[in-house]
>>> print(open('my_file19.cif').read())   # mmCIF, C-alpha atoms
data_coords
#
loop_
_atom_site.label_atom_id
_atom_site.label_comp_id
_atom_site.auth_asym_id
_atom_site.auth_seq_id
_atom_site.Cartn_x
_atom_site.Cartn_y
_atom_site.Cartn_z
CA MET D 202 11.93 7.39 -12.54
CA LYS D 203 15.18 6.55 -10.74
CA ASN D 204 14.87 9.73 -8.69
CA THR D 205 11.09 9.48 -8.19
CA LYS D 206 10.26 8.41 -4.67
CA ILE D 207 7.14 6.24 -4.65
CA LEU D 208 5.07 5.13 -1.67
CA SER D 209 3.03 2.01 -2.45
CA ILE D 210 0.26 1.13 -0.01
CA ASP D 211 -2.02 -1.87 0.54
CA LEU D 212 -4.61 -0.18 2.76
CA GLY D 213 -6.12 -1.99 5.73
CA THR D 214 -5.91 -2.42 9.46
CA HIS D 215 -2.59 -4.10 8.65
CA THR D 216 -1.24 -1.78 5.96
CA GLY D 217 1.50 -3.08 3.72
CA PHE D 218 3.90 -0.55 2.24
CA ALA D 219 6.81 -0.39 -0.15
CA ILE D 220 8.93 2.69 -0.75
CA SER D 221 11.11 3.04 -3.81
CA ALA D 222 13.80 5.67 -3.47
CA ASN D 223 16.87 5.92 -5.68
CA GLY D 224 16.52 2.33 -6.87
CA ILE D 225 16.25 0.90 -3.35
CA ILE D 226 13.02 -0.64 -2.07
CA GLU D 227 12.12 -0.61 1.60
CA SER D 228 8.99 -2.48 2.63
CA GLY D 229 7.02 -3.75 5.58
CA SER D 230 3.65 -3.46 7.23
CA VAL D 231 2.13 -1.41 10.00
CA ASP D 232 -0.62 -2.55 12.36
CA PHE D 233 -3.26 0.14 12.90
CA SER D 234 -5.58 -2.12 14.93
CA ARG D 235 -7.60 -0.53 17.68
CA TYR D 236 -6.81 -3.45 19.97
CA LYS D 237 -3.25 -3.55 21.19
CA GLY D 238 -2.23 -6.69 23.00
CA CYS D 239 -5.02 -8.48 24.85
CA LYS D 240 -8.38 -8.26 23.08
CA SER D 241 -10.22 -8.56 26.41
CA LYS D 242 -9.04 -5.08 27.40
CA PRO D 243 -11.10 -2.04 26.39
CA ALA D 244 -10.43 -0.84 22.85
CA ASP D 245 -8.63 2.34 21.97
CA HIS D 246 -10.85 5.15 20.76
CA ILE D 247 -12.94 4.17 17.74
CA GLY D 248 -11.00 6.72 15.67
CA GLY D 249 -7.62 5.40 16.82
CA THR D 250 -6.98 3.44 13.63
CA PHE D 251 -7.46 6.54 11.51
CA LEU D 252 -5.48 8.79 13.80
CA SER D 253 -2.56 6.35 13.81
CA PHE D 254 -2.62 5.98 10.01
CA ASP D 255 -2.76 9.76 9.52
CA GLN D 256 0.24 10.23 11.82
CA TRP D 257 2.16 7.47 10.04
CA ILE D 258 1.59 8.77 6.50
CA LYS D 259 2.19 12.36 7.62
CA ASN D 260 5.63 11.29 8.87
CA VAL D 261 6.57 8.93 6.00
CA ILE D 262 5.97 11.45 3.20
CA PRO D 263 8.54 14.07 4.26
CA VAL D 264 11.08 11.60 5.67
CA PHE D 265 11.32 9.76 2.33
CA LYS D 266 10.50 12.86 0.23
CA ILE D 267 7.65 10.98 -1.49
CA ASP D 268 6.76 12.21 -5.02
CA CYS D 269 3.95 9.78 -5.78
CA ILE D 270 1.56 7.45 -3.93
CA VAL D 271 0.17 4.25 -5.46
CA TYR D 272 -2.36 1.97 -3.83
CA GLU D 273 -4.66 -0.99 -4.29
CA SER D 274 -8.08 0.31 -5.34
CA VAL D 275 -10.54 -2.14 -3.77
CA MET D 276 -14.17 -2.35 -4.89
CA ARG D 277 -15.36 -5.38 -2.87
CA TRP D 278 -14.73 -6.23 0.78
CA SER D 279 -15.07 -9.28 2.96
CA SER D 280 -17.16 -7.36 5.51
CA GLY D 281 -18.82 -4.05 6.21
CA ASP D 282 -16.16 -3.25 8.80
CA ALA D 283 -13.38 -3.85 6.25
CA ALA D 284 -15.13 -1.47 3.82
CA LYS D 285 -15.41 1.23 6.50
CA ILE D 286 -11.75 0.92 7.50
CA TYR D 287 -10.59 0.96 3.86
CA GLY D 288 -12.75 3.98 3.02
CA GLY D 289 -11.49 5.92 6.03
CA LEU D 290 -7.84 5.13 5.35
CA ARG D 291 -8.24 5.95 1.65
CA GLY D 292 -9.82 9.30 2.53
CA ILE D 293 -6.96 10.17 4.87
CA MET D 294 -4.38 9.11 2.26
CA LEU D 295 -6.05 11.19 -0.48
CA SER D 296 -6.43 14.19 1.81
CA ARG D 297 -2.81 14.06 2.93
CA ALA D 298 -1.63 13.70 -0.69
CA ALA D 299 -3.80 16.64 -1.77
CA LYS D 300 -2.41 18.82 1.04
CA MET D 301 1.12 18.03 -0.10
CA GLY D 302 0.47 18.16 -3.86
CA ILE D 303 1.41 14.51 -4.40
CA PRO D 304 -0.18 12.59 -7.30
CA VAL D 305 -2.03 9.38 -6.40
CA TYR D 306 -2.69 6.34 -8.61
CA GLY D 307 -4.98 3.44 -7.76
CA TYR D 308 -4.75 -0.02 -9.32
CA GLY D 309 -7.47 -2.66 -9.25
CA VAL D 310 -6.98 -5.89 -7.34
CA THR D 311 -7.31 -8.12 -10.42
CA HIS D 312 -4.89 -5.94 -12.40
CA ILE D 313 -2.26 -6.18 -9.64
CA LYS D 314 -2.60 -9.95 -9.24
CA LYS D 315 -2.50 -10.61 -13.00
CA PHE D 316 0.58 -8.43 -13.39
CA TRP D 317 2.39 -10.10 -10.47
CA THR D 318 1.41 -13.77 -10.81
CA GLY D 319 -0.15 -14.07 -14.27
CA LYS D 320 -3.58 -14.83 -12.76
CA GLY D 321 -6.09 -12.15 -11.83
CA ASN D 322 -7.68 -14.33 -9.17
CA SER D 323 -4.49 -15.37 -7.36
CA LYS D 324 -4.79 -16.08 -3.68
CA LYS D 325 -2.58 -14.62 -0.95
CA PRO D 326 -0.09 -17.55 -0.90
CA ALA D 327 0.57 -17.07 -4.64
CA MET D 328 1.28 -13.34 -4.15
CA ILE D 329 3.67 -14.15 -1.30
CA ALA D 330 5.37 -16.93 -3.29
CA GLU D 331 5.89 -14.65 -6.31
CA THR D 332 7.38 -11.93 -4.12
CA LYS D 333 9.77 -14.41 -2.51
CA LYS D 334 10.69 -15.73 -5.97
CA ARG D 335 11.53 -12.21 -7.18
CA TYR D 336 13.25 -11.28 -3.91
CA PRO D 337 15.04 -14.40 -2.63
CA GLY D 338 15.84 -14.11 1.05
CA ILE D 339 13.17 -11.49 1.78
CA THR D 340 11.43 -11.86 5.11
CA LEU D 341 7.87 -10.71 4.50
CA THR D 342 5.64 -9.47 7.29
CA GLY D 343 2.65 -10.90 5.41
CA ASP D 344 0.54 -10.73 2.29
CA ASP D 345 -0.03 -6.97 2.74
CA GLU D 346 3.67 -6.29 2.25
CA ALA D 347 3.79 -8.63 -0.77
CA ASP D 348 0.84 -6.77 -2.29
CA ALA D 349 2.49 -3.38 -1.72
CA ILE D 350 5.66 -4.57 -3.48
CA ALA D 351 3.55 -5.85 -6.41
CA ILE D 352 1.67 -2.53 -6.64
CA LEU D 353 4.96 -0.65 -6.68
CA HIS D 354 6.31 -2.77 -9.53
CA LEU D 355 3.06 -2.49 -11.48
CA HIS D 356 3.21 1.30 -11.27
CA ILE D 357 6.82 1.41 -12.40
CA ASN D 358 5.94 -0.93 -15.28
CA GLN D 359 2.85 1.11 -16.26
CA THR D 360 4.66 4.42 -16.31
CA ASN D 361 7.75 3.29 -18.21
CA GLY D 362 9.89 5.49 -16.04
CA THR D 363 7.92 8.71 -16.65
CA ASN D 364 5.47 8.54 -13.70
CA GLU D 365 2.69 9.25 -16.21
CA ILE D 366 0.16 6.49 -16.78
CA ASN D 367 0.04 5.04 -20.28
CA THR D 368 -3.51 5.18 -21.61
CA ALA D 369 -2.87 3.66 -25.05
#
>>> encode(input="my_file19.cif", output="structure tokens")
Amino acid sequence: MKNTKILSIDLGTHTGFAISANGIIESGSVDFSRYKGCKSKPADHIGGTFLSFDQWIKNVIPVFKIDCIVYESVMRWSSGDAAKIYGGLRGIMLSRAAKMGIPVYGYGVTHIKKFWTGKGNSKKPAMIAETKKRYPGITLTGDDEADAIAILHLHINQTNGTNEINTA
């Protein structure tokens, strides 16, 4: 697993990511909002969010030589718009991974939270606090980045260094 390069993603308009490569974790978040700057200005094209995400993931995979993608598999959303954005981003991620022959693993929200904080219904502040506890001095861009780091660690824990999910 030391040589496996994993991209962990918390999909959304603000996408959190964590990349594990050779024992080093790089993380952050990317804003794929259609509105840049002043919200009173006309929006970018309705497909701009998806185009930007596709360009981002298309560039990240070869630059970091990604071997595996893990993500938060969401089944309930706060709004219809959030569901549409998530579904579109997930489709792009899966398509890009399929084109490049990269395995993809999804983890449920409750599973991630329970693994990271001990409680499956943890709120965003608890996820952030746990990440800061495990990584003292980290400057997080937000809860999306904290979630991506948690997803990354969950996958590493679940695979026991083999990158194959334990089903027993």
>>> residues_around(input="my_file19.cif", residues="segment 222-230 of chain D", least_positions_apart="4", cutoff="8 Å", atoms="only C-alpha atoms", output="mmCIF file with C-alpha atoms, in the frame of the given file")
data_model
loop_
_atom_site.group_PDB
_atom_site.id
_atom_site.type_symbol
_atom_site.label_atom_id
_atom_site.label_comp_id
_atom_site.auth_asym_id
_atom_site.auth_seq_id
_atom_site.Cartn_x
_atom_site.Cartn_y
_atom_site.Cartn_z
ATOM 1 C CA LYS D 203 15.180 6.550 -10.740
ATOM 2 C CA ASN D 204 14.870 9.730 -8.690
ATOM 3 C CA THR D 205 11.090 9.480 -8.190
ATOM 4 C CA LYS D 206 10.260 8.410 -4.670
ATOM 5 C CA ILE D 207 7.140 6.240 -4.650
ATOM 6 C CA HIS D 215 -2.590 -4.100 8.650
ATOM 7 C CA THR D 216 -1.240 -1.780 5.960
ATOM 8 C CA GLY D 217 1.500 -3.080 3.720
ATOM 9 C CA PHE D 218 3.900 -0.550 2.240
ATOM 10 C CA PHE D 265 11.320 9.760 2.330
ATOM 11 C CA LEU D 341 7.870 -10.710 4.500
ATOM 12 C CA THR D 342 5.640 -9.470 7.290
ATOM 13 C CA GLY D 343 2.650 -10.900 5.410
ATOM 14 C CA ASP D 345 -0.030 -6.970 2.740
ATOM 15 C CA GLU D 346 3.670 -6.290 2.250
ATOM 16 C CA ALA D 349 2.490 -3.380 -1.720
ATOM 17 C CA ILE D 350 5.660 -4.570 -3.480
#
>>> closest_residue(input="my_file19.cif", among="D:Gly309, D:Pro263, D:Gly213, D:Gly249", to="Arg297 of chain D", atoms="only C-alpha atoms")
D:Pro263
>>> closest_residue(input="my_file19.cif", among="D:Ser280, D:Thr250, D:Thr332, D:Asn260", to="Leu212 of chain D", atoms="only C-alpha atoms")
D:Thr250
>>> axis_aligned_box(input="my_file19.cif", around="segment 254-268 of chain D", padding_each_side="5 Å", output="lines of an AutoDock Vina configuration file")
center_x = 4.3
center_y = 10.0
center_z = 3.4
size_x = 24.1
size_y = 18.1
size_z = 26.8
>>> residues_around(input="my_file19.cif", residues="Lys314 of chain D", least_positions_apart="3", cutoff="12 Å", atoms="only C-alpha atoms", output="ChimeraX atom specification")
/D:273,308-311,317-329,331-332,344,347-352,354-355
>>> write_last_selection(input="my_file19.cif", atoms="C-alpha atoms", output="mmCIF file, in the frame of the given file")
data_model
loop_
_atom_site.group_PDB
_atom_site.id
_atom_site.type_symbol
_atom_site.label_atom_id
_atom_site.label_comp_id
_atom_site.auth_asym_id
_atom_site.auth_seq_id
_atom_site.Cartn_x
_atom_site.Cartn_y
_atom_site.Cartn_z
ATOM 1 C CA GLU D 273 -4.660 -0.990 -4.290
ATOM 2 C CA TYR D 308 -4.750 -0.020 -9.320
ATOM 3 C CA GLY D 309 -7.470 -2.660 -9.250
ATOM 4 C CA VAL D 310 -6.980 -5.890 -7.340
ATOM 5 C CA THR D 311 -7.310 -8.120 -10.420
ATOM 6 C CA TRP D 317 2.390 -10.100 -10.470
ATOM 7 C CA THR D 318 1.410 -13.770 -10.810
ATOM 8 C CA GLY D 319 -0.150 -14.070 -14.270
ATOM 9 C CA LYS D 320 -3.580 -14.830 -12.760
ATOM 10 C CA GLY D 321 -6.090 -12.150 -11.830
ATOM 11 C CA ASN D 322 -7.680 -14.330 -9.170
ATOM 12 C CA SER D 323 -4.490 -15.370 -7.360
ATOM 13 C CA LYS D 324 -4.790 -16.080 -3.680
ATOM 14 C CA LYS D 325 -2.580 -14.620 -0.950
ATOM 15 C CA PRO D 326 -0.090 -17.550 -0.900
ATOM 16 C CA ALA D 327 0.570 -17.070 -4.640
ATOM 17 C CA MET D 328 1.280 -13.340 -4.150
ATOM 18 C CA ILE D 329 3.670 -14.150 -1.300
ATOM 19 C CA GLU D 331 5.890 -14.650 -6.310
ATOM 20 C CA THR D 332 7.380 -11.930 -4.120
ATOM 21 C CA ASP D 344 0.540 -10.730 2.290
ATOM 22 C CA ALA D 347 3.790 -8.630 -0.770
ATOM 23 C CA ASP D 348 0.840 -6.770 -2.290
ATOM 24 C CA ALA D 349 2.490 -3.380 -1.720
ATOM 25 C CA ILE D 350 5.660 -4.570 -3.480
ATOM 26 C CA ALA D 351 3.550 -5.850 -6.410
ATOM 27 C CA ILE D 352 1.670 -2.530 -6.640
ATOM 28 C CA HIS D 354 6.310 -2.770 -9.530
ATOM 29 C CA LEU D 355 3.060 -2.490 -11.480
#
>>> closest_residue(input="my_file19.cif", among="D:Ile357, D:Ala330, D:Val275, D:Ile220", to="Ile258 of chain D", atoms="all atoms listed in the file")
D:Ile220
>>> closest_residue(input="my_file19.cif", among="D:Val231, D:Ala284, D:Ile293, D:Cys269", to="Asp255 of chain D", atoms="all atoms listed in the file")
D:Ile293
>>> atom_distance(input="my_file19.cif", atom1="atom CA of Leu353 of chain D", atom2="atom CA of Gly281 of chain D")
27.3 Å
>>> atom_distance(input="my_file19.cif", atom1="atom CA of Asp268 of chain D", atom2="atom CA of Ser209 of chain D")
11.2 Å
>>> atom_distance(input="my_file19.cif", atom1="atom CA of Phe316 of chain D", atom2="atom CA of Gly288 of chain D")
24.5 Å
>>> closest_residue(input="my_file19.cif", among="D:Arg335, D:Met276, D:Ser253, D:Ser221", to="Leu290 of chain D", atoms="all atoms listed in the file")
D:Ser253
>>> closest_residue(input="my_file19.cif", among="D:Ala299, D:His312, D:His356, D:Leu252", to="Ala219 of chain D", atoms="all atoms listed in the file")
D:His356
>>> resolve_selection(input="my_file19.cif", expression="the PyMOL selection byres ((chain D and resi 271) around 7)", output="list in words")
Leu208, Ser209, Ile210, Cys269, Ile270, Tyr272, Val305, Tyr306, Gly307 and Leu353 of chain D
>>> decode(input="my_file19.cif", residues="segment 213-233 of chain D", atoms="C-alpha atoms", output="PDB file, in the first residue's frame")
ATOM      1  CA  GLY D 213     -19.756  18.434  -4.088  1.00  0.00           C
ATOM      2  CA  THR D 214     -19.666  21.962  -5.408  1.00  0.00           C
ATOM      3  CA  HIS D 215     -16.822  22.364  -2.905  1.00  0.00           C
ATOM      4  CA  THR D 216     -14.969  19.080  -3.386  1.00  0.00           C
ATOM      5  CA  GLY D 217     -12.597  17.978  -0.658  1.00  0.00           C
ATOM      6  CA  PHE D 218      -9.675  15.795  -1.664  1.00  0.00           C
ATOM      7  CA  ALA D 219      -6.796  13.921  -0.102  1.00  0.00           C
ATOM      8  CA  ILE D 220      -4.022  12.231  -2.039  1.00  0.00           C
ATOM      9  CA  SER D 221      -1.815   9.598  -0.472  1.00  0.00           C
ATOM     10  CA  ALA D 222       1.407   9.004  -2.354  1.00  0.00           C
ATOM     11  CA  ASN D 223       4.455   7.271  -0.911  1.00  0.00           C
ATOM     12  CA  GLY D 224       3.291   7.799   2.663  1.00  0.00           C
ATOM     13  CA  ILE D 225       2.689  11.536   2.205  1.00  0.00           C
ATOM     14  CA  ILE D 226      -0.815  13.007   2.282  1.00  0.00           C
ATOM     15  CA  GLU D 227      -1.687  16.149   0.367  1.00  0.00           C
ATOM     16  CA  SER D 228      -5.168  17.560   0.862  1.00  0.00           C
ATOM     17  CA  GLY D 229      -7.382  20.535   0.178  1.00  0.00           C
ATOM     18  CA  SER D 230     -10.601  21.493  -1.523  1.00  0.00           C
ATOM     19  CA  VAL D 231     -11.609  22.860  -4.890  1.00  0.00           C
ATOM     20  CA  ASP D 232     -14.551  25.165  -5.568  1.00  0.00           C
ATOM     21  CA  PHE D 233     -16.496  24.137  -8.669  1.00  0.00           C
TER      22      PHE D 233
END
